[in-house]
Amino acid sequence: MIRRMATNPIPQFPAFPAFPAFPAFPAFPAFPDGFLWGVSTSAHQIEGAADAREPSVWDTFSAEPGKVKDGSTAAVACDHYHRYREDVALLAGLGVDAYRFSISWPRVRAAGGLDFYDRLVDELCAAGIRPVPTLFHWDLPVSLDWLERDTASHFAEYVSLVADRLGDRVRKWITINEPAEHTLFGHALGAHAPGKQLMFDALPAAHHQLLAHGLAVRALRASGATDIGIANSHGPTWPASQDPADLEAAAFYDLLLNRLFADPVLLGEYPEGLGELMPGDVAADLKVIGEPLDWYGVNYYAPTRVGAPQGEDIEFGGLTIPAELPFSVREIEDVPLTDFGWPVVPEALTELLTDFRDRYGDRLPPIVITENGCSYDGIDDQPRITYLDGHIRALHRAVEAGVDVRGYFVWSLLDNFEWAEGYARRFGLVHVDYETLTRTPKASYTWFQNTLRSQH
């Protein structure tokens, strides 16, 4: 049954501040017809309304002193739960084709939890914006654990419930976001929720998320979905030198952060040596994990320079890299850095995509860049404009080189709760005053709006 779409007029989006002239970049080359332009967010980072959902692992993690650097929580965040119509107005003003958001599993488990997403999807459809929900973006219900195999089955049941409710209006789906980071930071290093410090004993969490992805694909197919992807984070791994120890360390890092999460999905197999470390009937599970996708999502931020261990803990990008790991992360010299300390290397995006094409060949479906963005303070955020301009051009060079790329999503629409960093990092095209919750479009918002106009 087709549900009635919302017909209320979209609220007026805020007036733009006056900014100095944008940098004089050359005109953008045209992307292929039908290329999908959007922005991304995630539920825990923007929704707030914590009293209208069950607790997640991020609620309990954030409540522990010292876990979030500014001591904050996402109990209110951007209050998107109550202000979603205002935020859809911002999306409409921006001129995007699609909005990638995530659905909070803990909210769906609460009474009436899917009602909010019904309203949001209706509002997006009324505005002519394609809804692209991600079904898991790190906010696991606190009663579940990715170390337990049953969590994958519970996820499939939840996915079926969501698809049954929203599938008449949602066509494009994302199963899971960044299982690599959720495994490494949340289960191996303890820097993110659920705060486990298991090192290599965290591998079952990786396997069960991948299994959950495959089961979710099957559940979505059973509901009639025909446009399904995953959002995996990837970046080139650059060895610190040609010394054999640095080359070996870089290859191992690439294995853990790239191939461990791409090979099973795209090839139906683990990289050599890793399958026997996983729990259960791995061969049978891989048949589920390798269910064919309609497209493959890539979250890209920066390359990583990696060398042999240096015998001491290293602080890098807001994380502590323990000395006992068989690699160390090194600085990439002579490149700009974001306010988060991440290197800005647009050409590495071209390298990543062409390498993926060469590595996976005809097993690689069309690619969508499901996240790309940067953290900079200020409403007149010229460095963000320079960052996005460089990366969109790098993406076009990949298209020119023959990589089948179908879309690009900026992270993020709004400044938000940036996980263990709290509210200290601002990734949004729209500034959020966390005291008043006032939204103010930044210079980058207007720049991206003009960019989209040039592509349509």
# chains A, B, ... in the order shown; residues from 1 in each chain; ligands from 1
>>> residues_around(residues="range 220-224 of chain A", least_positions_apart="3", cutoff="7 Å", atoms="only C-alpha atoms", output="number ranges by chain")
A: 160, 163-164, 216-217
>>> write_last_selection(atoms="all heavy atoms", output="CSV table (one decimal), in the first residue's frame")
chain,number,residue,atom,x,y,z
A,160,SER,N,14.0,-6.1,8.6
A,160,SER,CA,12.8,-6.5,8.0
A,160,SER,C,11.6,-5.6,8.5
A,160,SER,O,10.8,-5.2,7.7
A,160,SER,CB,12.4,-8.0,8.3
A,160,SER,OG,13.3,-8.8,7.7
A,163,ALA,N,12.1,-2.2,6.8
A,163,ALA,CA,11.7,-2.2,5.3
A,163,ALA,C,10.2,-2.4,5.1
A,163,ALA,O,9.7,-1.8,4.1
A,163,ALA,CB,12.5,-3.4,4.7
A,164,ASP,N,9.6,-3.1,6.0
A,164,ASP,CA,8.1,-3.3,5.8
A,164,ASP,C,7.4,-1.9,6.0
A,164,ASP,O,6.4,-1.7,5.4
A,164,ASP,CB,7.6,-4.3,6.8
A,164,ASP,CG,6.1,-4.5,6.7
A,164,ASP,OD1,5.7,-5.0,5.7
A,164,ASP,OD2,5.4,-4.2,7.7
A,216,ALA,N,21.1,-8.7,6.3
A,216,ALA,CA,20.3,-7.5,6.0
A,216,ALA,C,20.0,-7.4,4.5
A,216,ALA,O,18.9,-7.1,4.1
A,216,ALA,CB,21.0,-6.3,6.5
A,217,VAL,N,21.0,-7.7,3.7
A,217,VAL,CA,20.8,-7.7,2.2
A,217,VAL,C,19.7,-8.7,1.9
A,217,VAL,O,18.8,-8.4,1.1
A,217,VAL,CB,22.1,-8.1,1.5
A,217,VAL,CG1,21.8,-8.2,0.0
A,217,VAL,CG2,23.1,-7.0,1.7
>>> closest_atom_pairs(of="range 209-254 of chain A", to="range 353-363 of chain A", cutoff="12 Å", atoms="only C-alpha atoms", output="CSV")
residue,atom,partner,partner_atom,distance
A:His234,CA,A:Leu353,CA,9.5
A:Gly235,CA,A:Leu353,CA,9.1
A:Pro236,CA,A:Asp355,CA,8.7
A:Thr237,CA,A:Asp355,CA,11.2
>>> closest_residue(among="A:Ala250, A:Leu388, A:Val405, A:Ala180", to="Val329 in chain A", atoms="only C-alpha atoms")
A:Ala250
>>> closest_atom_pairs(of="range 57-87 of chain A", to="range 116-124 of chain A", cutoff="8 Å", atoms="only C-alpha atoms", output="tab-separated table")
residue	atom	partner	partner_atom	distance
A:Tyr81	CA	A:Phe116	CA	7.4
A:Tyr84	CA	A:Leu120	CA	6.8
A:Arg85	CA	A:Glu123	CA	7.0
>>> closest_residue(among="A:Asp201, A:Asp139, A:Glu178, A:Asp339", to="Leu277 in chain A", atoms="only C-alpha atoms")
A:Asp201
>>> closest_residue(among="A:Phe61, A:Phe101, A:Tyr423, A:Phe261", to="Gln209 in chain A", atoms="only C-alpha atoms")
A:Phe261
>>> select_by_dssp(residues="range 10-250 of chain A", states="strand (DSSP E or B)", output="ChimeraX atom specification")
/A:36-40,56,98-102,130-136,141,172-177,227-233,237-239
>>> write_last_selection(atoms="N, CA, C and O atoms", output="compact mmCIF listing (two decimals), in the first residue's frame")
# COMPACT_ATOMS: atom_id res chain seq x y z
N LEU A 36 24.24 11.18 -8.39
CA LEU A 36 23.46 11.49 -7.18
C LEU A 36 24.29 12.36 -6.24
O LEU A 36 25.37 11.96 -5.79
N TRP A 37 23.78 13.54 -5.92
CA TRP A 37 24.45 14.47 -5.01
C TRP A 37 23.67 14.52 -3.69
O TRP A 37 22.46 14.66 -3.70
N GLY A 38 24.40 14.41 -2.56
CA GLY A 38 23.70 14.43 -1.28
C GLY A 38 24.59 14.84 -0.13
O GLY A 38 25.76 15.21 -0.30
N VAL A 39 24.01 14.80 1.05
CA VAL A 39 24.73 15.00 2.31
C VAL A 39 24.33 13.89 3.27
O VAL A 39 23.29 13.25 3.10
N SER A 40 25.17 13.69 4.28
CA SER A 40 24.98 12.58 5.22
C SER A 40 24.91 13.08 6.66
O SER A 40 25.52 14.11 7.01
N SER A 56 21.52 3.19 24.04
CA SER A 56 22.48 2.54 23.16
C SER A 56 23.82 2.43 23.88
O SER A 56 24.03 3.01 24.94
N ALA A 98 19.58 13.81 -2.65
CA ALA A 98 19.35 12.73 -1.70
C ALA A 98 19.88 13.12 -0.33
O ALA A 98 20.80 13.95 -0.21
N TYR A 99 19.32 12.50 0.68
CA TYR A 99 19.76 12.71 2.07
C TYR A 99 20.03 11.36 2.69
O TYR A 99 19.13 10.52 2.81
N ARG A 100 21.28 11.14 3.06
CA ARG A 100 21.65 9.93 3.77
C ARG A 100 21.58 10.20 5.27
O ARG A 100 22.30 11.05 5.80
N PHE A 101 20.70 9.50 5.95
CA PHE A 101 20.56 9.59 7.40
C PHE A 101 20.64 8.17 7.95
O PHE A 101 20.70 7.21 7.18
N SER A 102 20.66 8.01 9.26
CA SER A 102 20.61 6.65 9.79
C SER A 102 19.38 6.48 10.66
O SER A 102 18.83 7.45 11.19
N ARG A 130 15.49 12.32 -2.19
CA ARG A 130 15.48 10.87 -2.04
C ARG A 130 15.99 10.47 -0.65
O ARG A 130 17.11 10.83 -0.26
N PRO A 131 15.22 9.72 0.14
CA PRO A 131 15.70 9.25 1.44
C PRO A 131 16.64 8.05 1.25
O PRO A 131 16.32 7.11 0.52
N VAL A 132 17.80 8.11 1.91
CA VAL A 132 18.78 7.01 1.83
C VAL A 132 19.16 6.63 3.26
O VAL A 132 20.12 7.14 3.82
N PRO A 133 18.39 5.73 3.90
CA PRO A 133 18.67 5.38 5.29
C PRO A 133 19.81 4.37 5.43
O PRO A 133 19.93 3.43 4.63
N THR A 134 20.61 4.58 6.45
CA THR A 134 21.60 3.60 6.90
C THR A 134 20.99 2.88 8.10
O THR A 134 20.50 3.51 9.04
N LEU A 135 21.05 1.57 8.11
CA LEU A 135 20.34 0.80 9.12
C LEU A 135 21.12 0.57 10.40
O LEU A 135 20.54 0.27 11.44
N PHE A 136 22.43 0.73 10.34
CA PHE A 136 23.23 0.70 11.57
C PHE A 136 24.41 1.65 11.44
O PHE A 136 25.24 1.51 10.54
N PRO A 141 21.83 -1.14 20.37
CA PRO A 141 21.09 -1.23 21.63
C PRO A 141 21.96 -1.81 22.73
O PRO A 141 22.73 -2.75 22.50
N LYS A 172 16.57 3.33 -1.90
CA LYS A 172 18.02 3.13 -1.76
C LYS A 172 18.36 2.90 -0.29
O LYS A 172 18.01 3.73 0.56
N TRP A 173 19.03 1.79 0.01
CA TRP A 173 19.31 1.38 1.38
C TRP A 173 20.81 1.17 1.61
O TRP A 173 21.51 0.72 0.71
N ILE A 174 21.25 1.47 2.83
CA ILE A 174 22.61 1.15 3.28
C ILE A 174 22.48 0.26 4.51
O ILE A 174 21.75 0.59 5.45
N THR A 175 23.18 -0.85 4.51
CA THR A 175 23.05 -1.80 5.62
C THR A 175 23.78 -1.32 6.87
O THR A 175 23.18 -1.05 7.89
N ILE A 176 25.10 -1.20 6.78
CA ILE A 176 25.95 -0.92 7.94
C ILE A 176 26.97 0.14 7.58
O ILE A 176 27.49 0.17 6.46
N ASN A 177 27.27 1.00 8.54
CA ASN A 177 28.28 2.04 8.35
C ASN A 177 29.57 1.70 9.08
O ASN A 177 29.56 1.40 10.27
N ASP A 227 18.03 -1.72 -4.58
CA ASP A 227 19.09 -0.69 -4.63
C ASP A 227 19.78 -0.66 -3.27
O ASP A 227 19.52 0.20 -2.43
N ILE A 228 20.70 -1.61 -3.05
CA ILE A 228 21.27 -1.86 -1.72
C ILE A 228 22.79 -1.72 -1.77
O ILE A 228 23.44 -2.23 -2.69
N GLY A 229 23.34 -1.07 -0.76
CA GLY A 229 24.78 -0.95 -0.62
C GLY A 229 25.21 -1.01 0.83
O GLY A 229 24.39 -1.17 1.74
N ILE A 230 26.51 -0.88 1.06
CA ILE A 230 27.12 -0.80 2.37
C ILE A 230 27.98 0.45 2.37
O ILE A 230 28.36 0.94 1.31
N ALA A 231 28.28 1.01 3.55
CA ALA A 231 29.17 2.17 3.65
C ALA A 231 30.43 1.76 4.41
O ALA A 231 30.45 1.79 5.64
N ASN A 232 31.45 1.35 3.67
CA ASN A 232 32.73 0.98 4.27
C ASN A 232 33.71 2.14 4.17
O ASN A 232 33.74 2.84 3.15
N SER A 233 34.52 2.33 5.19
CA SER A 233 35.55 3.37 5.16
C SER A 233 36.81 2.81 4.54
O SER A 233 37.23 1.69 4.85
N THR A 237 46.86 3.24 1.91
CA THR A 237 47.88 3.06 2.95
C THR A 237 49.24 3.27 2.30
O THR A 237 49.61 2.54 1.37
N TRP A 238 49.97 4.26 2.78
CA TRP A 238 51.27 4.59 2.23
C TRP A 238 52.37 4.14 3.18
O TRP A 238 52.37 4.56 4.36
N PRO A 239 53.31 3.31 2.75
CA PRO A 239 54.41 2.92 3.63
C PRO A 239 55.31 4.10 3.96
O PRO A 239 55.53 4.99 3.12
>>> residues_around(residues="Pro106 in chain A", least_positions_apart="6", cutoff="10 Å", atoms="only C-alpha atoms", output="list in words")
His44, Ala50, Ala52, Arg53, Glu54, Pro55, Ser56, Val57, Gly113, Asp139, Leu140, Pro141, Val142 and Ser143 of chain A
>>> residues_around(residues="Arg393 in chain A", least_positions_apart="6", cutoff="12 Å", atoms="only C-alpha atoms", output="PyMOL selection string")
chain A and resi 25-31+345-350+386-387+399-400+408+451
>>> write_last_selection(atoms="N, CA, C and O atoms", output="PDB file, in the first residue's frame")
ATOM      1  N   PHE A  25      37.930  29.209  -8.081  1.00  0.00           N
ATOM      2  CA  PHE A  25      38.212  27.893  -8.631  1.00  0.00           C
ATOM      3  C   PHE A  25      37.741  27.832 -10.083  1.00  0.00           C
ATOM      4  O   PHE A  25      36.757  28.483 -10.445  1.00  0.00           O
ATOM      5  N   PRO A  26      38.385  27.039 -10.917  1.00  0.00           N
ATOM      6  CA  PRO A  26      37.850  26.810 -12.266  1.00  0.00           C
ATOM      7  C   PRO A  26      36.474  26.143 -12.188  1.00  0.00           C
ATOM      8  O   PRO A  26      36.117  25.532 -11.185  1.00  0.00           O
ATOM      9  N   ALA A  27      35.708  26.276 -13.254  1.00  0.00           N
ATOM     10  CA  ALA A  27      34.392  25.636 -13.298  1.00  0.00           C
ATOM     11  C   ALA A  27      34.539  24.125 -13.180  1.00  0.00           C
ATOM     12  O   ALA A  27      35.509  23.538 -13.661  1.00  0.00           O
ATOM     13  N   PHE A  28      33.561  23.506 -12.522  1.00  0.00           N
ATOM     14  CA  PHE A  28      33.596  22.053 -12.365  1.00  0.00           C
ATOM     15  C   PHE A  28      33.296  21.355 -13.687  1.00  0.00           C
ATOM     16  O   PHE A  28      32.407  21.789 -14.432  1.00  0.00           O
ATOM     17  N   PRO A  29      33.998  20.278 -13.970  1.00  0.00           N
ATOM     18  CA  PRO A  29      33.584  19.440 -15.100  1.00  0.00           C
ATOM     19  C   PRO A  29      32.261  18.755 -14.773  1.00  0.00           C
ATOM     20  O   PRO A  29      31.929  18.548 -13.605  1.00  0.00           O
ATOM     21  N   ALA A  30      31.514  18.429 -15.795  1.00  0.00           N
ATOM     22  CA  ALA A  30      30.207  17.811 -15.588  1.00  0.00           C
ATOM     23  C   ALA A  30      30.369  16.335 -15.232  1.00  0.00           C
ATOM     24  O   ALA A  30      31.169  15.618 -15.846  1.00  0.00           O
ATOM     25  N   PHE A  31      29.599  15.887 -14.245  1.00  0.00           N
ATOM     26  CA  PHE A  31      29.524  14.473 -13.903  1.00  0.00           C
ATOM     27  C   PHE A  31      28.463  13.806 -14.778  1.00  0.00           C
ATOM     28  O   PHE A  31      27.632  14.477 -15.395  1.00  0.00           O
ATOM     29  N   VAL A 345      44.521  15.410   1.346  1.00  0.00           N
ATOM     30  CA  VAL A 345      45.203  14.879   0.164  1.00  0.00           C
ATOM     31  C   VAL A 345      44.133  14.438  -0.834  1.00  0.00           C
ATOM     32  O   VAL A 345      43.801  13.252  -0.947  1.00  0.00           O
ATOM     33  N   PRO A 346      43.562  15.362  -1.595  1.00  0.00           N
ATOM     34  CA  PRO A 346      42.484  14.988  -2.523  1.00  0.00           C
ATOM     35  C   PRO A 346      42.884  13.922  -3.530  1.00  0.00           C
ATOM     36  O   PRO A 346      42.081  13.036  -3.855  1.00  0.00           O
ATOM     37  N   GLU A 347      44.131  13.993  -4.032  1.00  0.00           N
ATOM     38  CA  GLU A 347      44.534  13.035  -5.068  1.00  0.00           C
ATOM     39  C   GLU A 347      44.529  11.600  -4.565  1.00  0.00           C
ATOM     40  O   GLU A 347      44.468  10.651  -5.370  1.00  0.00           O
ATOM     41  N   ALA A 348      44.569  11.416  -3.240  1.00  0.00           N
ATOM     42  CA  ALA A 348      44.507  10.062  -2.688  1.00  0.00           C
ATOM     43  C   ALA A 348      43.143   9.420  -2.923  1.00  0.00           C
ATOM     44  O   ALA A 348      43.036   8.191  -2.952  1.00  0.00           O
ATOM     45  N   LEU A 349      42.100  10.238  -3.092  1.00  0.00           N
ATOM     46  CA  LEU A 349      40.784   9.674  -3.417  1.00  0.00           C
ATOM     47  C   LEU A 349      40.803   9.063  -4.814  1.00  0.00           C
ATOM     48  O   LEU A 349      40.273   7.966  -5.024  1.00  0.00           O
ATOM     49  N   THR A 350      41.409   9.752  -5.758  1.00  0.00           N
ATOM     50  CA  THR A 350      41.550   9.175  -7.101  1.00  0.00           C
ATOM     51  C   THR A 350      42.332   7.872  -7.035  1.00  0.00           C
ATOM     52  O   THR A 350      41.957   6.860  -7.654  1.00  0.00           O
ATOM     53  N   THR A 386      37.736  24.761   0.047  1.00  0.00           N
ATOM     54  CA  THR A 386      38.919  24.284  -0.672  1.00  0.00           C
ATOM     55  C   THR A 386      39.015  22.766  -0.616  1.00  0.00           C
ATOM     56  O   THR A 386      39.327  22.105  -1.614  1.00  0.00           O
ATOM     57  N   TYR A 387      38.727  22.195   0.564  1.00  0.00           N
ATOM     58  CA  TYR A 387      38.769  20.736   0.733  1.00  0.00           C
ATOM     59  C   TYR A 387      37.766  20.063  -0.200  1.00  0.00           C
ATOM     60  O   TYR A 387      38.110  19.130  -0.941  1.00  0.00           O
ATOM     61  N   VAL A 399      36.447   9.202 -12.315  1.00  0.00           N
ATOM     62  CA  VAL A 399      35.427   8.910 -13.320  1.00  0.00           C
ATOM     63  C   VAL A 399      36.053   8.930 -14.712  1.00  0.00           C
ATOM     64  O   VAL A 399      35.802   8.052 -15.544  1.00  0.00           O
ATOM     65  N   GLU A 400      36.895   9.933 -14.973  1.00  0.00           N
ATOM     66  CA  GLU A 400      37.567  10.021 -16.272  1.00  0.00           C
ATOM     67  C   GLU A 400      38.473   8.810 -16.518  1.00  0.00           C
ATOM     68  O   GLU A 400      38.679   8.394 -17.667  1.00  0.00           O
ATOM     69  N   TYR A 408      27.848  11.130  -4.700  1.00  0.00           N
ATOM     70  CA  TYR A 408      28.778  11.759  -3.751  1.00  0.00           C
ATOM     71  C   TYR A 408      27.967  12.423  -2.649  1.00  0.00           C
ATOM     72  O   TYR A 408      27.091  13.256  -2.924  1.00  0.00           O
ATOM     73  N   THR A 451      27.531  24.823  -6.489  1.00  0.00           N
ATOM     74  CA  THR A 451      28.114  23.692  -7.199  1.00  0.00           C
ATOM     75  C   THR A 451      27.027  22.769  -7.747  1.00  0.00           C
ATOM     76  O   THR A 451      27.079  22.321  -8.893  1.00  0.00           O
TER      77      THR A 451
END
>>> decode(residues="range 115-126 of chain A", atoms="all heavy atoms", output="compact mmCIF listing (two decimals), in the first residue's frame")
# COMPACT_ATOMS: atom_id res chain seq x y z
N ASP A 115 7.63 5.80 14.03
CA ASP A 115 6.77 6.91 13.64
C ASP A 115 7.61 8.12 13.22
O ASP A 115 7.26 8.82 12.27
CB ASP A 115 5.84 7.30 14.78
CG ASP A 115 4.82 6.22 15.10
OD1 ASP A 115 4.69 5.27 14.30
OD2 ASP A 115 4.17 6.32 16.16
N PHE A 116 8.70 8.36 13.94
CA PHE A 116 9.54 9.49 13.58
C PHE A 116 10.09 9.35 12.16
O PHE A 116 10.09 10.31 11.37
CB PHE A 116 10.70 9.64 14.57
CG PHE A 116 11.77 10.59 14.09
CD1 PHE A 116 11.50 11.95 13.99
CD2 PHE A 116 13.02 10.13 13.70
CE1 PHE A 116 12.47 12.83 13.52
CE2 PHE A 116 13.99 11.00 13.24
CZ PHE A 116 13.72 12.36 13.15
N TYR A 117 10.57 8.16 11.81
CA TYR A 117 11.13 7.96 10.48
C TYR A 117 10.06 8.00 9.39
O TYR A 117 10.33 8.42 8.27
CB TYR A 117 11.95 6.67 10.46
CG TYR A 117 13.08 6.75 11.46
CD1 TYR A 117 13.03 6.05 12.66
CD2 TYR A 117 14.16 7.60 11.23
CE1 TYR A 117 14.04 6.18 13.60
CE2 TYR A 117 15.17 7.73 12.17
CZ TYR A 117 15.10 7.02 13.36
OH TYR A 117 16.10 7.16 14.30
N ASP A 118 8.84 7.59 9.74
CA ASP A 118 7.71 7.79 8.83
C ASP A 118 7.57 9.27 8.48
O ASP A 118 7.43 9.66 7.31
CB ASP A 118 6.42 7.31 9.49
CG ASP A 118 5.83 6.09 8.83
OD1 ASP A 118 6.16 5.81 7.66
OD2 ASP A 118 5.02 5.41 9.48
N ARG A 119 7.58 10.11 9.52
CA ARG A 119 7.41 11.55 9.30
C ARG A 119 8.58 12.13 8.50
O ARG A 119 8.38 12.94 7.59
CB ARG A 119 7.28 12.27 10.65
CG ARG A 119 6.04 11.87 11.45
CD ARG A 119 5.82 12.80 12.64
NE ARG A 119 6.90 12.75 13.62
CZ ARG A 119 6.94 11.93 14.66
NH1 ARG A 119 5.95 11.04 14.85
NH2 ARG A 119 7.94 11.98 15.53
N LEU A 120 9.79 11.72 8.86
CA LEU A 120 10.97 12.23 8.17
C LEU A 120 10.96 11.84 6.70
O LEU A 120 11.21 12.67 5.82
CB LEU A 120 12.24 11.71 8.86
CG LEU A 120 13.56 12.06 8.17
CD1 LEU A 120 13.75 13.57 8.09
CD2 LEU A 120 14.74 11.41 8.90
N VAL A 121 10.67 10.58 6.41
CA VAL A 121 10.66 10.12 5.02
C VAL A 121 9.57 10.84 4.23
O VAL A 121 9.78 11.25 3.08
CB VAL A 121 10.50 8.59 4.97
CG1 VAL A 121 10.17 8.12 3.56
CG2 VAL A 121 11.78 7.91 5.47
N ASP A 122 8.40 11.00 4.83
CA ASP A 122 7.34 11.74 4.14
C ASP A 122 7.78 13.17 3.84
O ASP A 122 7.51 13.70 2.75
CB ASP A 122 6.08 11.77 4.99
CG ASP A 122 5.22 10.52 4.85
OD1 ASP A 122 5.54 9.68 3.97
OD2 ASP A 122 4.25 10.38 5.59
N GLU A 123 8.42 13.80 4.78
CA GLU A 123 8.88 15.18 4.59
C GLU A 123 9.90 15.27 3.47
O GLU A 123 9.87 16.18 2.63
CB GLU A 123 9.47 15.72 5.90
CG GLU A 123 9.60 17.22 5.96
CD GLU A 123 8.28 17.94 6.20
OE1 GLU A 123 7.29 17.29 6.62
OE2 GLU A 123 8.24 19.15 5.95
N LEU A 124 10.82 14.32 3.43
CA LEU A 124 11.82 14.29 2.36
C LEU A 124 11.16 14.08 1.00
O LEU A 124 11.49 14.77 0.03
CB LEU A 124 12.84 13.19 2.64
CG LEU A 124 13.78 13.43 3.82
CD1 LEU A 124 14.51 12.14 4.19
CD2 LEU A 124 14.79 14.53 3.51
N CYS A 125 10.24 13.13 0.94
CA CYS A 125 9.58 12.86 -0.34
C CYS A 125 8.78 14.07 -0.81
O CYS A 125 8.77 14.40 -2.01
CB CYS A 125 8.67 11.64 -0.20
SG CYS A 125 9.54 10.08 0.02
N ALA A 126 8.13 14.76 0.12
CA ALA A 126 7.38 15.95 -0.26
C ALA A 126 8.29 17.04 -0.79
O ALA A 126 7.87 17.86 -1.63
CB ALA A 126 6.59 16.47 0.94
